[in-house]
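Right, one structure below, let's go through it.
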Amino acid sequence: MIAKLLSLYSVKFRPFVPDVPVEALYTTPAVDTFARRVELTIADGGFAMITGDPGTGKTVAMRLLSERLRALPNVTVGTIEHPQSRTSDFYRELGDLFGLPLVTHNRWASFKALRARWSEHIASTLMRPVLIIDEAQETLTPVLNELRILASKDFDSKQLLCIVFAGDARLPERLRCAELLPLGSRIRRRLVLDYASRDELLACLDHLLDAAGNPSLMTTELKATLADHAAGNYRVLMNLADELLTVAADRQLPRLDEKLYLDVFGQAPKPKPRKR
């Protein structure tokens, strides 16, 4: 089915699924500016944060940032995949990311080993390792506090990591509570993602279709209709467009248009009640 779809519409990949190639992702000016600011942070470390409601582009921002940082020379990037871990499991994941066989029942030894590894990396490259934590609002408070202490030395005057948090609106709210305020006050770079404008949604569609290799896959009218019904949410936009593309491929339609949208998503008018 996938091969049939790609061949039918002369596209290199499905343009509306979450795992499109990184080079095909639509980069907003705000995300590009934030990524450049984080690049500058790698030299001296510290904390950065991306927040926004679901569907406003956090995943895309994280993918773009990660790819950009990994392309830099001498930069090591690790991603925490299980933010809900307790402290012992969190140390295990850090050991796995940075190539250290940690003895997790001895937290002090693990603490020293990680800091030594990061200090060696800084001494040889003058760059901080990067740690990215997605869905950071799920991270336990003791783990966040442990990370704050683990990543700094010399009375907090020297940072051993560049740490990027990403999460929904619960994350900044949590960082304002008394237990996590010492961490919240250390966030140096912030990107707050809001719902997209109609023009941004249209630009995203145009960019994806052009990157996929078929800019005329959708009519101009359909793009406008999708942008109007996505409520400023990139995820809703992609889901609507992918559903239309799947139906169109099944019907072997040459192009996606408004008629298809009404056929797939339109609702039949409700029958009028009979007059007595």
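Just so we're on the same page: first chain in the structure tokens is A, next is B, and so on; residues restart at 1 for each chain, and ligands are numbered from 1 in the order they show up.
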- request: Using DSSP on the backbone coordinates, identify all residues within range 59-120 of chain A classified as helix (DSSP H, G or I); present the result as a PyMOL selection string.
  value: chain A and resi 59-70+87-97+107-120
Those same residues, written as a compact mmCIF listing (two decimals), in the first residue's frame with N, CA, C and O atoms?
```
# COMPACT_ATOMS: atom_id res chain seq x y z
N THR A 59 7.63 18.28 19.09
CA THR A 59 8.36 17.14 18.55
C THR A 59 9.23 17.55 17.37
O THR A 59 10.40 17.15 17.28
N VAL A 60 8.67 18.36 16.49
CA VAL A 60 9.45 18.84 15.34
C VAL A 60 10.63 19.68 15.81
O VAL A 60 11.76 19.52 15.32
N ALA A 61 10.40 20.55 16.79
CA ALA A 61 11.49 21.39 17.31
C ALA A 61 12.60 20.53 17.91
O ALA A 61 13.79 20.80 17.71
N MET A 62 12.22 19.47 18.64
CA MET A 62 13.22 18.59 19.26
C MET A 62 14.01 17.82 18.20
O MET A 62 15.23 17.67 18.30
N ARG A 63 13.32 17.33 17.19
CA ARG A 63 14.01 16.61 16.12
C ARG A 63 14.99 17.51 15.38
O ARG A 63 16.14 17.13 15.10
N LEU A 64 14.55 18.72 15.07
CA LEU A 64 15.43 19.66 14.37
C LEU A 64 16.62 20.05 15.23
O LEU A 64 17.77 20.10 14.76
N LEU A 65 16.37 20.32 16.52
CA LEU A 65 17.45 20.70 17.41
C LEU A 65 18.46 19.57 17.58
O LEU A 65 19.68 19.78 17.50
N SER A 66 17.96 18.36 17.80
CA SER A 66 18.84 17.21 17.98
C SER A 66 19.72 16.98 16.75
O SER A 66 20.93 16.77 16.86
N GLU A 67 19.11 17.04 15.57
CA GLU A 67 19.87 16.84 14.33
C GLU A 67 20.92 17.93 14.15
O GLU A 67 22.05 17.66 13.73
N ARG A 68 20.56 19.14 14.47
CA ARG A 68 21.49 20.27 14.31
C ARG A 68 22.68 20.13 15.26
O ARG A 68 23.83 20.37 14.88
N LEU A 69 22.41 19.74 16.51
CA LEU A 69 23.49 19.61 17.47
C LEU A 69 24.39 18.42 17.17
O LEU A 69 25.61 18.47 17.35
N ARG A 70 23.80 17.31 16.71
CA ARG A 70 24.59 16.12 16.37
C ARG A 70 25.53 16.38 15.20
O ARG A 70 26.55 15.69 15.05
N THR A 87 15.20 7.50 40.49
CA THR A 87 16.58 7.98 40.43
C THR A 87 17.56 6.88 40.03
O THR A 87 18.46 7.11 39.21
N SER A 88 17.41 5.67 40.57
CA SER A 88 18.34 4.59 40.25
C SER A 88 18.28 4.23 38.76
O SER A 88 19.32 4.06 38.10
N ASP A 89 17.07 4.13 38.20
CA ASP A 89 16.93 3.84 36.77
C ASP A 89 17.40 5.01 35.91
O ASP A 89 17.92 4.81 34.81
N PHE A 90 17.22 6.22 36.41
CA PHE A 90 17.71 7.39 35.69
C PHE A 90 19.23 7.32 35.56
O PHE A 90 19.79 7.60 34.48
N TYR A 91 19.93 6.92 36.62
CA TYR A 91 21.39 6.76 36.55
C TYR A 91 21.76 5.66 35.56
O TYR A 91 22.74 5.78 34.82
N ARG A 92 20.98 4.58 35.53
CA ARG A 92 21.26 3.51 34.57
C ARG A 92 21.17 4.02 33.14
O ARG A 92 22.02 3.70 32.29
N GLU A 93 20.14 4.84 32.87
CA GLU A 93 19.98 5.36 31.52
C GLU A 93 21.11 6.34 31.18
O GLU A 93 21.61 6.34 30.05
N LEU A 94 21.52 7.17 32.13
CA LEU A 94 22.65 8.06 31.88
C LEU A 94 23.93 7.28 31.59
O LEU A 94 24.70 7.63 30.69
N GLY A 95 24.15 6.21 32.35
CA GLY A 95 25.33 5.38 32.12
C GLY A 95 25.31 4.77 30.73
O GLY A 95 26.35 4.71 30.05
N ASP A 96 24.13 4.33 30.29
CA ASP A 96 24.01 3.75 28.96
C ASP A 96 24.26 4.81 27.88
O ASP A 96 24.93 4.54 26.88
N LEU A 97 23.74 6.01 28.08
CA LEU A 97 23.90 7.07 27.09
C LEU A 97 25.35 7.52 26.93
O LEU A 97 25.80 7.80 25.81
N ARG A 107 25.17 5.14 44.48
CA ARG A 107 24.89 6.37 43.75
C ARG A 107 26.07 7.33 43.79
O ARG A 107 26.31 8.06 42.82
N TRP A 108 26.80 7.35 44.88
CA TRP A 108 27.94 8.26 44.98
C TRP A 108 29.00 7.91 43.93
O TRP A 108 29.55 8.81 43.27
N ALA A 109 29.26 6.62 43.74
CA ALA A 109 30.24 6.20 42.73
C ALA A 109 29.74 6.58 41.33
O ALA A 109 30.52 7.04 40.48
N SER A 110 28.44 6.39 41.08
CA SER A 110 27.88 6.75 39.78
C SER A 110 27.96 8.26 39.56
O SER A 110 28.27 8.73 38.46
N PHE A 111 27.66 9.01 40.61
CA PHE A 111 27.73 10.47 40.57
C PHE A 111 29.13 10.92 40.15
O PHE A 111 29.31 11.73 39.24
N LYS A 112 30.15 10.37 40.80
CA LYS A 112 31.54 10.75 40.51
C LYS A 112 31.95 10.32 39.11
O LYS A 112 32.65 11.06 38.40
N ALA A 113 31.53 9.13 38.70
CA ALA A 113 31.94 8.61 37.39
C ALA A 113 31.37 9.45 36.25
O ALA A 113 32.08 9.76 35.28
N LEU A 114 30.12 9.82 36.36
CA LEU A 114 29.52 10.64 35.31
C LEU A 114 30.17 12.02 35.23
O LEU A 114 30.50 12.51 34.14
N ARG A 115 30.39 12.64 36.36
CA ARG A 115 31.00 13.96 36.37
C ARG A 115 32.43 13.92 35.83
O ARG A 115 32.87 14.83 35.11
N ALA A 116 33.14 12.83 36.13
CA ALA A 116 34.50 12.68 35.59
C ALA A 116 34.47 12.51 34.07
O ALA A 116 35.29 13.11 33.36
N ARG A 117 33.51 11.71 33.58
CA ARG A 117 33.41 11.52 32.14
C ARG A 117 33.09 12.83 31.43
O ARG A 117 33.68 13.16 30.40
N TRP A 118 32.16 13.58 31.96
CA TRP A 118 31.79 14.85 31.34
C TRP A 118 32.93 15.86 31.42
O TRP A 118 33.18 16.60 30.47
N SER A 119 33.64 15.88 32.53
CA SER A 119 34.77 16.81 32.68
C SER A 119 35.88 16.48 31.68
O SER A 119 36.50 17.39 31.10
N GLU A 120 36.13 15.20 31.46
CA GLU A 120 37.14 14.78 30.46
C GLU A 120 36.72 15.24 29.06
O GLU A 120 37.55 15.70 28.27
```
message: Would you pick out the contacts of Asp156 in chain A at 12 Å or less, using only C-alpha atoms, so that residues sharing its chain but fewer than 6 positions from it are not included, and give the list as number ranges by chain?
response: A: 45-46, 148-150, 182-183, 186
Do you have, as a Markdown table, the list of residues of range 41-107 of chain A lying at most 10 Å from range 231-251 of chain A, each with its nearest atom pair and that distance in Å to one decimal, counting only C-alpha atoms and ordered by chain then number?
```
| residue | atom | partner | partner_atom | distance |
| --- | --- | --- | --- | --- |
| A:Asp53 | CA | A:Asn233 | CA | 9.1 |
| A:Pro54 | CA | A:Arg235 | CA | 8.0 |
| A:Gly55 | CA | A:Arg235 | CA | 4.7 |
| A:Thr56 | CA | A:Asn233 | CA | 5.7 |
| A:Gly57 | CA | A:Tyr234 | CA | 6.7 |
| A:Val60 | CA | A:Tyr234 | CA | 9.9 |
```
task: Tell me, as a PyMOL selection string, which residues lie within 12 Å of Thr33 in chain A, counting only C-alpha atoms; anything in the same chain fewer than 5 positions away does not count.
output: chain A and resi 27-28+38-40+61+64-65+189-191
Limited to N, CA and C atoms, could you put the picked residues into a file as a JSON list (two decimals), in the first residue's frame?
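Heads up, here's the output in selection.json:
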```json
[["chain", "number", "residue", "atom", "x", "y", "z"],
["A", 27, "THR", "N", 10.68, 24.37, 9.38],
["A", 27, "THR", "CA", 11.33, 25.09, 10.47],
["A", 27, "THR", "C", 10.81, 26.51, 10.53],
["A", 28, "THR", "N", 10.18, 26.86, 11.62],
["A", 28, "THR", "CA", 9.69, 28.23, 11.79],
["A", 28, "THR", "C", 10.86, 29.12, 12.20],
["A", 38, "VAL", "N", 20.74, 27.75, 21.47],
["A", 38, "VAL", "CA", 21.20, 26.56, 22.19],
["A", 38, "VAL", "C", 22.61, 26.18, 21.73],
["A", 39, "GLU", "N", 22.89, 26.33, 20.45],
["A", 39, "GLU", "CA", 24.24, 26.06, 19.95],
["A", 39, "GLU", "C", 25.28, 26.88, 20.73],
["A", 40, "LEU", "N", 24.97, 28.14, 20.97],
["A", 40, "LEU", "CA", 25.89, 28.99, 21.71],
["A", 40, "LEU", "C", 26.01, 28.56, 23.17],
["A", 61, "ALA", "N", 10.40, 20.55, 16.79],
["A", 61, "ALA", "CA", 11.49, 21.39, 17.31],
["A", 61, "ALA", "C", 12.60, 20.53, 17.91],
["A", 64, "LEU", "N", 14.55, 18.72, 15.07],
["A", 64, "LEU", "CA", 15.43, 19.66, 14.37],
["A", 64, "LEU", "C", 16.62, 20.05, 15.23],
["A", 65, "LEU", "N", 16.37, 20.32, 16.52],
["A", 65, "LEU", "CA", 17.45, 20.70, 17.41],
["A", 65, "LEU", "C", 18.46, 19.57, 17.58],
["A", 189, "ARG", "N", 17.57, 29.41, 28.28],
["A", 189, "ARG", "CA", 16.98, 29.57, 26.95],
["A", 189, "ARG", "C", 15.57, 28.99, 26.97],
["A", 190, "ARG", "N", 14.60, 29.74, 26.44],
["A", 190, "ARG", "CA", 13.21, 29.29, 26.45],
["A", 190, "ARG", "C", 12.59, 29.45, 25.06],
["A", 191, "LEU", "N", 11.82, 28.45, 24.69],
["A", 191, "LEU", "CA", 11.01, 28.52, 23.47],
["A", 191, "LEU", "C", 9.59, 28.13, 23.86]]
```
- prompt: Which one of A:Leu226, A:Val31, A:Met1, A:Ala169 sits closest to Arg14 in chain A if you count only C-alpha atoms?
  reply: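 Distance minimum relative to Arg14 in chain A lands on A:Met1.
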- prompt: What does the distance from CA of Val264 in chain A to CA of Ala212 in chain A come to in Å, to one decimal?
  reply: 23.4 Å
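If you look at CA of Leu222 in chain A and CA of Ala196 in chain A, they are 17.8 Å away from each other.
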field: Distance criterion (only C-alpha atoms): nearest to Ile80 in chain A out of A:Thr219, A:Thr225, A:Thr139, A:Gln159
entry: A:Thr139
field: strand (DSSP E) per DSSP on the backbone: members of range 13-190 of chain A, as a PyMOL selection string
entry: chain A and resi 46-52+77-80+130-133+152-153+158-159+162-167+187-190
- request: Quick one: pull the distance between CA of Val164 in chain A and CA of Lys58 in chain A, Å, one decimal.
  value: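 CA of Lys58 in chain A lies 11.9 Å from CA of Val164 in chain A.
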